[in-house]
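Here the structure comes first, spelled out in structure tokens, and everything after it is commentary.
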Amino acid sequence: MARYILINSFRGLLTIIFVSVVVFALARLTGDPMDVLAPTDMSDEDQDALRALWGLDRPLLDQYVIFVESAVRGDFGPSYLYRSETAADVILDRLPASLYLGIVATILTIVVGVPLGILSAAKRGTIYDAIGRGFALFGQSVPEFWLGIILIWVVAVQIGPIPTSGMGTWQSYILPSIVISIFGIAALLRLFRSAMLETLGTEYIKLARLKGLSEWRVVCKHALKPAAIAPLTFFGQLAVRMITGATVVEIVFSWPGVGLLAFEAANARDFPIVQALALFVATCVVVMNLMIDIAYAYIDPRVRLGEGTAA
Amino acid sequence: MTVPDITRQPGHAGAAPRQGLWQARFGRRRRLDRVPWIPIAIIVLLLLLPAILADLITVHDPLRGVLRDRLTPPMWVDGGSWTYPLGTDKQGRDILTRIIYGARISLAVSTITIFFGLLIGSILGLLAGYFGGWIDWIVSWLIDTFFSLPGVLLALVIVAAIGPSFATIVVILSVTIWAPFARQVRGETLSVRETDFVARAQVAGSRPLRILARHVLPNVANTLIVMATLQVGVVIINESSLSFIGAGIPRPNPSWGVMVADGRDLMLVAWWISFFPGLAILLVVLSFNLTGDWLRDFLDPKLRQRQ
């Protein structure tokens with residue numbers, strides 16, 4: 001088991017290093033950040049001084065070393081856009097906004113997606129199933145940015161002034177969390193439905209029914225437990241998405257989270273923030289995958305005992 | 001010495017005598033009445049035909065509008081006219097014309113992207129699943145790594161670097177789309193490798209590449225067809241999302257995502273600018289998803305349980 005975790009950690013570390021190199025190289029491709037950042041009346045000497053401060057006058061390899069050092073220190077160097085702060089500070093400032101929205105959206109996803117999936121499977125072929133499947137199909141097919149705009153429009157026209165942009169009272173969470181969760185609900189619904197259908201077809205469910213248990217008990221106690229393991233991987237992806245912010249939705253709702261920050265930083269060529277964000281996202285994914293792998297290993301001894309090709 | 005004809009082993013995709021996949025499938029109790037005709041019709045009418053015939057069926061210029069007619073509402077709303085069935089945007093360009101030309105962009109982007117995804121994904125997936133060992137280790141690692149890349153952020157950075165263009169967006173989408181294909185093909189190959197007909201081919205002395213091409217690939221082909229269909233929707237959504245935030249197809253080209261962005265600040269004045277292009281995305285993606293789901297059931301009922 002320790003060996004299994006070690007190997008997977010090593011893989012994850014390689015992934016993070018790979019992402020850091022890719023992002024670093026791409027960022028340098030964008031050209032001189034001075035073109036965007038420096039005021040037009042800035043003297044050449046001042047520009048050179050700034051370049052020297054940020055290390056942009058050094059060879060690429062040196063710049064990469066500086067970047068790695070700053071990453072190890074944990075501050076990711078001074079932000080170009082927000083001069084007085086380090087990239088890490090800027091990101092930490094914006095993180096709560098994404099996190100709060102992510103938590104609300106996750107709760108919404110689970111509270112709506114799981115029961116709908118169970119209902120859809122338990123009442124297969126009925127109107128409930130049709131509604132559930134229709135909803136899943138819609139959620140998978142609708143472009144988020146468009147849904148957001150349409151919702152803002154409908155609310156503004158029909159209900160009047162509730163906040164549709166920016167972060168404020170609890171009401172400002174309603175629309176963005178609906179838009180973020182719609183895809184997750186659809187995916188979770190599908191996953192739960194098919195996992196439930198699979199377990200409902202097994203012998204021990206037949207036995208439970210033969211014992212004369214109520215359908216409610218059969219579905220909720222005997223079928224739900226094994227089915228709940230299947231969407232584990234999905235929960236990992238969901239969590240990552242919630243933490244790292246949904247750029248497109250945050251842009252539509254002017255939500256001041258890390259997703260919007262990514263948009264601003266990339267456009268402003270703020271290398272330190274872009275690099276830090278990319279590493280942050282990659283690390284979240286890697287850690288989450290590792291946790292899921294370990295969880296599966298505990299649940300499924302075949303993985304743990306080294307027949308691990310299934311993972 | 002005669003080499004046994006492996007394609008006639010039970011369970012082999014090529015086992016049915018030469019009558020074609022389609023016929024073989026229909027020959028058994030599958031009927032035409034479950035074919036999703038409406039989604040297929042939507043794909044043809046909203047994506048394929050407009051993309052091919054855009055120049056013939058439109059009368060307006062997709063890029064240059066008539067400023068005098070700007071913000072004309074759709075024809076069934078007060079002030080609308082037959083000249084502009086779905087209204088015009090703030091530069092007086094006909095929305096319907098732009099949606100029709102936009103189909104061309106969506107079709108081109110998704111076709112090219114899916115082609116690369118299929119090609120790279122199935123080659124890597126086949127090699128990793130069949131040979132195992134260090135090849136599998138590297139390919140699996142690459143798949144995991146590409147799944148953990150922050151796609152939108154990288155797209156924004158790349159676009160900041162070399163500017164938005166058709167080629168840029170196709171490259172960005174292709175670079176990420178191969179990973180799900182590779183993951184699926186690898187998994188299928190792992191199980192096909194254990195079958196009797198592959199073992200027989202190995203014993204008969206077939207070279208690995210021949211086994212992969214003749215015996216493994218036909219058996220993962222169904223999965224690839226289903227996945228490719230479902231991924232078209234993903235590609236169209238991703239392309240329009242990137243175009244929407246300015247990291248995809250550059251203005252003034254009529255990508256559906258760009259059109260939604262154009263009307264975003266005008267929703268209260270002219271809702272039709274954003275509404276109809278987005279509706280086109282929704283309908284086309286919905287249709288591909290429905291068709292893909294049906295194909296999955298049609299080609300391999302076993303797969304139904306998995307997704």
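Labels for the structure tokens follow display order: chains A, B, ..., residues from 1 in each chain, ligands from 1.
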Kindly assemble as CSV a list of the chain B residues that lie within 6 Å of chain A, each paired with its nearest atom pair and their distance in Å to one decimal, using only C-alpha atoms, sorted first by chain and then by ascending residue number.
```
residue,atom,partner,partner_atom,distance
B:Thr145,CA,A:Thr15,CA,5.3
B:Ser148,CA,A:Ala282,CA,5.3
B:Leu156,CA,A:Ala266,CA,5.9
B:Val157,CA,A:Ala266,CA,5.3
B:Ala160,CA,A:Thr30,CA,5.8
B:Ala161,CA,A:Thr30,CA,3.4
B:Ile237,CA,A:Pro143,CA,5.9
B:Gly278,CA,A:Trp146,CA,5.8
B:Leu282,CA,A:Val142,CA,5.0
B:Val285,CA,A:Ser141,CA,5.3
B:Leu286,CA,A:Ser141,CA,5.1
B:Gln305,CA,A:Ser194,CA,5.7
```
Legend entry - Long-range neighbours of A:Thr86 as an MDAnalysis selection string, 9 Å cut-off, only C-alpha atoms, 4 positions minimum in chain: chainID A and resid 75:80 82 90:91 272:273
Inset, instruction - Can you pull out every residue within 9 Å of stretch 107-112 of chain A, counting only C-alpha atoms, but drop anything in the same chain fewer than 6 positions away, and send it as a ChimeraX atom specification? - result: /A:177-178,180-186,188-189
Determine, for each residue of stretch 190-282 of chain B having at least one atom at most 9 Å from an atom of stretch 66-73 of chain B, the closest pair of atoms and their separation in Å to one decimal, counting only C-alpha atoms; order by chain and ascending number, as a tab-separated table.
```
residue	atom	partner	partner_atom	distance
B:Val269	CA	B:Leu71	CA	8.4
B:Ala270	CA	B:Leu71	CA	6.4
B:Trp271	CA	B:Pro73	CA	8.7
B:Trp272	CA	B:Pro73	CA	7.1
B:Ile273	CA	B:Leu71	CA	8.4
```
Keeping only N, CA and C atoms, take the residues you just selected and write them out as an mmCIF file, in the first residue's frame.
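The result, written out as again27.cif:
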```cif
data_model
loop_
_atom_site.group_PDB
_atom_site.id
_atom_site.type_symbol
_atom_site.label_atom_id
_atom_site.label_comp_id
_atom_site.auth_asym_id
_atom_site.auth_seq_id
_atom_site.Cartn_x
_atom_site.Cartn_y
_atom_site.Cartn_z
ATOM 1 N N VAL B 269 -32.260 45.394 -24.377
ATOM 2 C CA VAL B 269 -32.689 46.162 -25.542
ATOM 3 C C VAL B 269 -32.987 45.235 -26.716
ATOM 4 N N ALA B 270 -32.096 44.277 -26.920
ATOM 5 C CA ALA B 270 -32.198 43.418 -28.105
ATOM 6 C C ALA B 270 -31.791 41.989 -27.736
ATOM 7 N N TRP B 271 -32.709 41.269 -27.091
ATOM 8 C CA TRP B 271 -32.405 39.938 -26.576
ATOM 9 C C TRP B 271 -32.039 38.951 -27.676
ATOM 10 N N TRP B 272 -32.530 39.198 -28.905
ATOM 11 C CA TRP B 272 -32.374 38.212 -29.973
ATOM 12 C C TRP B 272 -30.922 38.035 -30.414
ATOM 13 N N ILE B 273 -30.068 39.030 -30.151
ATOM 14 C CA ILE B 273 -28.678 38.933 -30.623
ATOM 15 C C ILE B 273 -27.973 37.761 -29.952
#
```
Legend entry - Selection: 12 Å around A:Leu56, only C-alpha atoms, excl. self and same-chain fewer than 2 positions, as a list in words: Ala27, Arg28, Gly31, Asp32, Pro33, Met34, Gln47, Asp48, Ala49, Leu50, Arg51, Ala52, Leu53, Trp54, Arg58, Pro59, Leu60, Leu61, Asp62, Gln63, Tyr64, Ile66, Phe67, Tyr80, Phe271 and Pro272 of chain A
Legend entry - Residues within 9 Å of B:Ala228, only C-alpha atoms, excluding chain neighbours under 3 positions, as an NGL selection string: :B and (114-115 or 117-118 or 181 or 223-225 or 231-232 or 292)
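Nearest residue to B:Ser174 among B:Thr113, B:Val260, B:Asp265, B:Leu154 is B:Thr113, counting only C-alpha atoms.
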